[in-house]
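Structure file target00.pdb (PDB, C-alpha atoms and all ligand atoms) follows.
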```pdb
MODEL        1
ATOM      1  CA  MET C   1      38.848-104.548  17.418
ATOM      2  CA  ASN C   2      38.582-105.311  21.121
ATOM      3  CA  TYR C   3      39.457-103.027  23.994
ATOM      4  CA  PRO C   4      42.764-103.757  25.727
ATOM      5  CA  GLU C   5      42.167-106.547  28.241
ATOM      6  CA  PRO C   6      42.297-104.442  31.488
ATOM      7  CA  LEU C   7      39.835-101.922  30.047
ATOM      8  CA  GLU C   8      37.488-104.679  28.942
ATOM      9  CA  ALA C   9      37.736-106.287  32.399
ATOM     10  CA  LEU C  10      36.790-102.991  34.083
ATOM     11  CA  ILE C  11      33.807-102.562  31.754
ATOM     12  CA  GLN C  12      32.620-106.080  32.586
ATOM     13  CA  GLU C  13      32.874-105.364  36.343
ATOM     14  CA  LEU C  14      31.037-102.038  36.060
ATOM     15  CA  LYS C  15      28.237-103.727  34.125
ATOM     16  CA  LYS C  16      27.511-105.858  37.191
ATOM     17  CA  LEU C  17      26.379-102.722  39.053
ATOM     18  CA  PRO C  18      22.620-102.049  39.176
ATOM     19  CA  GLY C  19      21.434 -99.735  36.437
ATOM     20  CA  VAL C  20      24.717 -99.816  34.508
ATOM     21  CA  GLY C  21      24.545-101.066  30.937
ATOM     22  CA  GLN C  22      27.255-101.433  28.290
ATOM     23  CA  ARG C  23      27.285 -97.774  27.256
ATOM     24  CA  THR C  24      27.394 -96.385  30.783
ATOM     25  CA  ALA C  25      30.074 -98.910  31.718
ATOM     26  CA  GLU C  26      32.194 -97.790  28.760
ATOM     27  CA  ARG C  27      31.729 -94.133  29.643
ATOM     28  CA  LEU C  28      32.729 -94.721  33.273
ATOM     29  CA  ALA C  29      35.706 -96.861  32.292
ATOM     30  CA  PHE C  30      37.063 -94.262  29.843
ATOM     31  CA  HIS C  31      36.478 -91.560  32.448
ATOM     32  CA  LEU C  32      38.518 -93.475  35.028
ATOM     33  CA  LEU C  33      41.231 -94.195  32.495
ATOM     34  CA  ASN C  34      41.594 -90.468  31.916
ATOM     35  CA  GLN C  35      41.752 -89.596  35.613
ATOM     36  CA  PRO C  36      45.064 -88.898  37.353
ATOM     37  CA  GLU C  37      46.442 -91.751  39.437
ATOM     38  CA  GLU C  38      45.518 -89.982  42.738
ATOM     39  CA  GLU C  39      41.830 -89.824  41.798
ATOM     40  CA  VAL C  40      41.714 -93.507  40.927
ATOM     41  CA  GLU C  41      43.502 -94.266  44.173
ATOM     42  CA  LEU C  42      40.742 -92.489  46.145
ATOM     43  CA  LEU C  43      38.141 -94.698  44.491
ATOM     44  CA  ARG C  44      40.261 -97.792  45.064
ATOM     45  CA  GLU C  45      40.586 -96.898  48.765
ATOM     46  CA  ALA C  46      36.839 -96.216  49.130
ATOM     47  CA  LEU C  47      36.047 -99.621  47.611
ATOM     48  CA  ARG C  48      38.556-101.346  49.863
ATOM     49  CA  ALA C  49      37.195 -99.603  52.968
ATOM     50  CA  ILE C  50      33.548-100.602  52.527
ATOM     51  CA  LYS C  51      34.506-104.246  52.764
ATOM     52  CA  ALA C  52      37.325-103.958  55.291
ATOM     53  CA  GLU C  53      35.938-101.366  57.689
ATOM     54  CA  ILE C  54      32.171-101.863  57.718
ATOM     55  CA  VAL C  55      30.639-104.536  59.909
ATOM     56  CA  LEU C  56      27.163-105.125  61.301
ATOM     57  CA  CYS C  57      26.204-103.379  64.546
ATOM     58  CA  ARG C  58      26.148-105.852  67.413
ATOM     59  CA  GLU C  59      22.872-104.384  68.708
ATOM     60  CA  CYS C  60      20.710-103.589  65.691
ATOM     61  CA  PHE C  61      22.560-105.111  62.671
ATOM     62  CA  ASN C  62      22.748-101.779  60.877
ATOM     63  CA  PHE C  63      26.054-101.053  59.134
ATOM     64  CA  ALA C  64      28.680 -99.869  61.587
ATOM     65  CA  GLU C  65      32.287 -98.812  61.366
ATOM     66  CA  ALA C  66      34.612-101.433  62.720
ATOM     67  CA  ARG C  67      36.699 -99.570  65.260
ATOM     68  CA  GLY C  68      39.475-101.258  67.103
ATOM     69  CA  PRO C  69      39.512-104.714  68.620
ATOM     70  CA  ASP C  70      36.342-104.528  70.751
ATOM     71  CA  GLU C  71      35.571-108.170  71.249
ATOM     72  CA  ARG C  72      31.870-107.454  71.773
ATOM     73  CA  GLY C  73      31.763-105.975  68.267
ATOM     74  CA  ALA C  74      30.998-102.541  66.890
ATOM     75  CA  LEU C  75      28.013-100.310  67.598
ATOM     76  CA  CYS C  76      26.490 -98.181  64.836
ATOM     77  CA  GLY C  77      26.194 -94.401  65.117
ATOM     78  CA  ILE C  78      22.482 -94.613  65.946
ATOM     79  CA  CYS C  79      22.925 -97.087  68.819
ATOM     80  CA  ARG C  80      25.836 -94.988  70.151
ATOM     81  CA  ASP C  81      23.850 -91.734  70.012
ATOM     82  CA  PRO C  82      22.773 -90.785  73.572
ATOM     83  CA  GLY C  83      20.083 -88.518  72.107
ATOM     84  CA  ARG C  84      18.009 -91.382  70.666
ATOM     85  CA  ASP C  85      14.798 -92.543  72.326
ATOM     86  CA  ARG C  86      15.637 -96.036  73.615
ATOM     87  CA  SER C  87      12.036 -96.907  74.355
ATOM     88  CA  VAL C  88      11.068 -97.323  70.669
ATOM     89  CA  ILE C  89      12.502 -99.809  68.170
ATOM     90  CA  CYS C  90      11.607 -99.713  64.475
ATOM     91  CA  VAL C  91      12.027-103.090  62.760
ATOM     92  CA  VAL C  92      13.117-103.141  59.085
ATOM     93  CA  SER C  93      14.269-105.938  56.804
ATOM     94  CA  HIS C  94      17.462-104.309  55.424
ATOM     95  CA  PRO C  95      19.784-101.397  56.326
ATOM     96  CA  GLN C  96      18.718 -99.577  53.144
ATOM     97  CA  GLU C  97      15.250 -99.121  54.631
ATOM     98  CA  LEU C  98      16.683 -97.888  57.911
ATOM     99  CA  TRP C  99      18.539 -95.159  56.039
ATOM    100  CA  LYS C 100      15.404 -94.252  54.150
ATOM    101  CA  ILE C 101      13.540 -93.718  57.430
ATOM    102  CA  GLU C 102      16.508 -91.795  58.857
ATOM    103  CA  LYS C 103      16.301 -89.389  55.926
ATOM    104  CA  THR C 104      12.775 -88.397  56.913
ATOM    105  CA  GLY C 105      14.431 -86.863  59.990
ATOM    106  CA  GLY C 106      11.288 -87.519  62.020
ATOM    107  CA  TYR C 107      12.079 -90.776  63.777
ATOM    108  CA  PRO C 108      13.791 -90.416  67.166
ATOM    109  CA  GLY C 109      14.077 -94.063  68.238
ATOM    110  CA  LEU C 110      16.332 -97.043  67.618
ATOM    111  CA  TYR C 111      16.149 -99.733  64.913
ATOM    112  CA  HIS C 112      16.484-103.455  64.456
ATOM    113  CA  VAL C 113      17.454-104.898  61.068
ATOM    114  CA  LEU C 114      16.140-108.432  60.487
ATOM    115  CA  GLY C 115      18.357-109.234  57.514
ATOM    116  CA  GLY C 116      15.409-110.348  55.355
ATOM    117  CA  LEU C 117      11.818-111.539  55.623
ATOM    118  CA  ILE C 118      10.394-114.921  56.579
ATOM    119  CA  SER C 119       9.744-116.821  53.347
ATOM    120  CA  PRO C 120       9.115-120.577  53.444
ATOM    121  CA  LEU C 121       9.215-120.593  49.633
ATOM    122  CA  ARG C 122      12.764-119.240  49.605
ATOM    123  CA  ASP C 123      13.726-121.353  52.579
ATOM    124  CA  VAL C 124      14.093-118.341  54.898
ATOM    125  CA  HIS C 125      12.896-119.210  58.389
ATOM    126  CA  PRO C 126      12.698-117.157  61.606
ATOM    127  CA  GLU C 127      15.973-118.625  62.855
ATOM    128  CA  ASP C 128      17.743-117.343  59.705
ATOM    129  CA  LEU C 129      16.906-113.740  60.656
ATOM    130  CA  HIS C 130      17.958-111.567  63.604
ATOM    131  CA  ILE C 131      14.699-112.265  65.444
ATOM    132  CA  GLU C 132      16.155-113.925  68.517
ATOM    133  CA  GLU C 133      18.464-110.918  68.969
ATOM    134  CA  LEU C 134      15.412-108.618  68.766
ATOM    135  CA  MET C 135      13.613-110.644  71.422
ATOM    136  CA  ALA C 136      16.703-110.475  73.635
ATOM    137  CA  ARG C 137      16.732-106.683  73.323
ATOM    138  CA  LEU C 138      13.034-106.508  74.206
ATOM    139  CA  ARG C 139      13.438-108.761  77.228
ATOM    140  CA  ARG C 140      15.850-106.244  78.718
ATOM    141  CA  GLY C 141      12.771-104.174  79.478
ATOM    142  CA  ASP C 142      13.583-100.656  78.226
ATOM    143  CA  VAL C 143      11.309-100.774  75.167
ATOM    144  CA  ARG C 144       7.664 -99.740  75.253
ATOM    145  CA  GLU C 145       6.878 -99.770  71.494
ATOM    146  CA  VAL C 146       8.027-101.819  68.514
ATOM    147  CA  ILE C 147       7.158-100.329  65.114
ATOM    148  CA  LEU C 148       7.108-102.857  62.265
ATOM    149  CA  ALA C 149       8.140-101.175  59.003
ATOM    150  CA  LEU C 150       8.149-104.182  56.684
ATOM    151  CA  ASP C 151       7.001-104.319  53.088
ATOM    152  CA  PRO C 152       3.287-104.774  52.313
ATOM    153  CA  THR C 153       4.032-108.046  50.501
ATOM    154  CA  VAL C 154       2.977-111.559  51.477
ATOM    155  CA  GLU C 155       6.390-112.105  53.067
ATOM    156  CA  GLY C 156       6.293-108.751  54.875
ATOM    157  CA  GLU C 157       2.811-109.471  56.238
ATOM    158  CA  HIS C 158       3.772-112.942  57.317
ATOM    159  CA  THR C 159       6.868-111.630  59.105
ATOM    160  CA  SER C 160       4.906-108.818  60.787
ATOM    161  CA  LEU C 161       2.296-111.231  62.139
ATOM    162  CA  TYR C 162       4.966-113.651  63.301
ATOM    163  CA  LEU C 163       6.783-110.871  65.170
ATOM    164  CA  ALA C 164       3.562-109.477  66.658
ATOM    165  CA  ARG C 165       2.771-112.935  68.065
ATOM    166  CA  GLN C 166       6.253-113.249  69.561
ATOM    167  CA  ILE C 167       6.220-109.777  71.104
ATOM    168  CA  LYS C 168       2.692-109.815  72.527
ATOM    169  CA  PRO C 169       3.481-111.947  75.631
ATOM    170  CA  LEU C 170       6.100-109.352  76.640
ATOM    171  CA  GLY C 171       3.360-106.743  76.987
ATOM    172  CA  ILE C 172       5.093-104.319  74.579
ATOM    173  CA  LEU C 173       2.979-102.197  72.237
ATOM    174  CA  THR C 174       3.418-103.429  68.647
ATOM    175  CA  THR C 175       2.470-101.121  65.791
ATOM    176  CA  ARG C 176       2.993-101.099  62.037
ATOM    177  CA  ILE C 177       3.449 -98.166  59.714
ATOM    178  CA  ALA C 178       0.356 -97.131  57.742
ATOM    179  CA  GLN C 179      -0.491 -99.868  55.284
ATOM    180  CA  GLY C 180       0.194 -99.779  51.590
ATOM    181  CA  VAL C 181       3.451 -97.875  51.870
ATOM    182  CA  PRO C 182       6.225 -99.767  50.140
ATOM    183  CA  ILE C 183       9.604 -99.057  51.663
ATOM    184  CA  GLY C 184      11.506-102.061  50.320
ATOM    185  CA  ARG C 185      14.928-101.660  48.821
ATOM    186  CA  ASP C 186      13.532-102.330  45.358
ATOM    187  CA  LEU C 187      11.228 -99.359  45.735
ATOM    188  CA  GLU C 188      13.823 -96.717  46.259
ATOM    189  CA  PHE C 189      11.660 -93.800  45.392
ATOM    190  CA  THR C 190       9.079 -93.784  48.154
ATOM    191  CA  ASP C 191       9.365 -90.126  48.976
ATOM    192  CA  GLU C 192      10.282 -88.969  52.442
ATOM    193  CA  ALA C 193       7.006 -87.121  53.063
ATOM    194  CA  THR C 194       4.975 -90.273  52.350
ATOM    195  CA  LEU C 195       7.188 -92.337  54.610
ATOM    196  CA  SER C 196       6.986 -89.704  57.309
ATOM    197  CA  ARG C 197       3.181 -89.767  57.175
ATOM    198  CA  ALA C 198       3.220 -93.572  57.263
ATOM    199  CA  LEU C 199       5.272 -93.473  60.460
ATOM    200  CA  GLN C 200       2.922 -90.930  62.030
ATOM    201  CA  GLY C 201      -0.151 -92.883  60.994
ATOM    202  CA  ARG C 202       0.907 -96.189  62.458
ATOM    203  CA  VAL C 203      -1.663 -98.625  63.778
ATOM    204  CA  THR C 204      -1.637-101.055  66.668
ATOM    205  CA  LEU C 205      -1.344-104.747  65.820
TER     206      LEU C 205
HETATM  207 ZN    ZN C 301      23.053-100.223  65.874
ENDMDL
END
```
Could you write out this file's structure as structure tokens?
Amino acid sequence: MNYPEPLEALIQELKKLPGVGQRTAERLAFHLLNQPEEEVELLREALRAIKAEIVLCRECFNFAEARGPDERGALCGICRDPGRDRSVICVVSHPQELWKIEKTGGYPGLYHVLGGLISPLRDVHPEDLHIEELMARLRRGDVREVILALDPTVEGEHTSLYLARQIKPLGILTTRIAQGVPIGRDLEFTDEATLSRALQGRVTL
């Protein structure tokens, strides 16, 4: 006896989510089926909005809300915040890591999201990442320190060294967070205190 087709289709979609297996997918699907129409509509609207209303920040490539037809593109809440220290930029590979650092509450500066790490094996080269945009920001002259917060993997190291070499001629201090602290999106459970200490204990490259 199979589930009715729409129910089965929902279960199959839910199973594509990370950490959701058959049993969890079934539980969620039955839960939604039992919800009033208005509740399901809220979920439907939230799902629609993340694709329709979130774009990448034109400055730092963090997620930003698309607001109105600004032809220069949207700015994220961090770049718009006049209280942030514009002389420090923390470089991360993905927005998830930016949010992890934000949660420590101890970082006052701006960010730059690369969109990945340099990896010749996976055919990811510097020009595939937002490196040129970072260099353009640095050439504007307001930044005195760049903090590299990339994963302590071969790819993270390679990317850090590449960036340090690019930044050095500009005479801007380049540091990295204390070594051995994994902040990658796969390692979601680096606790905030550890990350906070890693930011404090950064070293010059
Ligand atoms: Zn931004």
If I put a ball of radius 8 Å at (18.2, -91.4, 72.4) in the file's coordinates, which residues poke into it when counting only C-alpha atoms, written as a PyMOL selection string? chain C and resi 81-86+108-110
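Note that the spacing between CA of Glu133 in chain C and CA of Asp151 in chain C amounts to 20.7 Å.
Once all atoms listed in the file are used for the distance check, the residues close to ligand ZN 301 (chain C) at 9 Å turn out to be Leu56, Cys57, Arg58, Glu59, Cys60, Phe61, Asn62, Phe63, Ala64, Ala74, Leu75, Cys76, Gly77, Ile78, Cys79, Arg80, Leu110, Tyr111, His112 and Val113 of chain C.
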Within 7 Å of range 137-144 of chain C, counting all atoms listed in the file, which residues qualify if same-chain residues fewer than 3 places away don't, as an MDAnalysis selection string? chainID C and resid 86:88 133:134 172:173
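For the choices C:Arg27, C:Lys51, C:Arg44, C:Arg202, the atom-to-atom distance to Val146 in chain C is smallest for C:Arg202 when using all atoms listed in the file.
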Pull out every residue that the PyMOL selection byres (((chain C and resi 193) around 12) and not hetatm) matches in the shown coordinates and put them as an NGL selection string. :C and (100-101 or 103-106 or 181 or 189-192 or 194-200)
Just the residues within 12 Å of Gly115 in chain C, please, counting only C-alpha atoms, with nothing from its chain fewer than 4 positions along; format it as a PyMOL selection string. chain C and resi 56+60-63+91-98+124-131+133-134+150+159
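Take CA of Ile54 in chain C and CA of Trp99 in chain C: the distance between them is 15.3 Å.
Going from CA of Ala25 in chain C over to CA of Leu10 in chain C, you cover 8.2 Å.
Of the listed residues C:Glu65, C:Thr204, C:Leu170, C:Gly21, the one whose atoms come nearest to Ile147 in chain C is C:Thr204, with distances taken using all atoms listed in the file.
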Using only C-alpha atoms, which residue out of C:Ile11, C:Leu163, C:Ile89, C:Leu117 lies closest to Arg23 in chain C? C:Ile11
Taking all atoms of range 122-141 of chain C that the file lists and extending 4 Å past them on each side, where is the centre of the axis-aligned box and how long are its edges? Answer in Å to one decimal, as AutoDock Vina command-line options.
```
--center_x 15.6 --center_y -112.8 --center_z 64.5 --size_x 13.8 --size_y 25.2 --size_z 37.9
```
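The residues returned by the PyMOL selection byres (((chain C and resi 12-14) around 12) and not hetatm) for this structure are Tyr3, Glu5, Pro6, Leu7, Glu8, Ala9, Leu10, Ile11, Lys15, Lys16, Leu17, Pro18, Gly19, Val20, Gly21, Gln22, Arg23, Thr24, Ala25, Glu26, Arg27, Leu28, Ala29, Phe30 and Leu32 of chain C.
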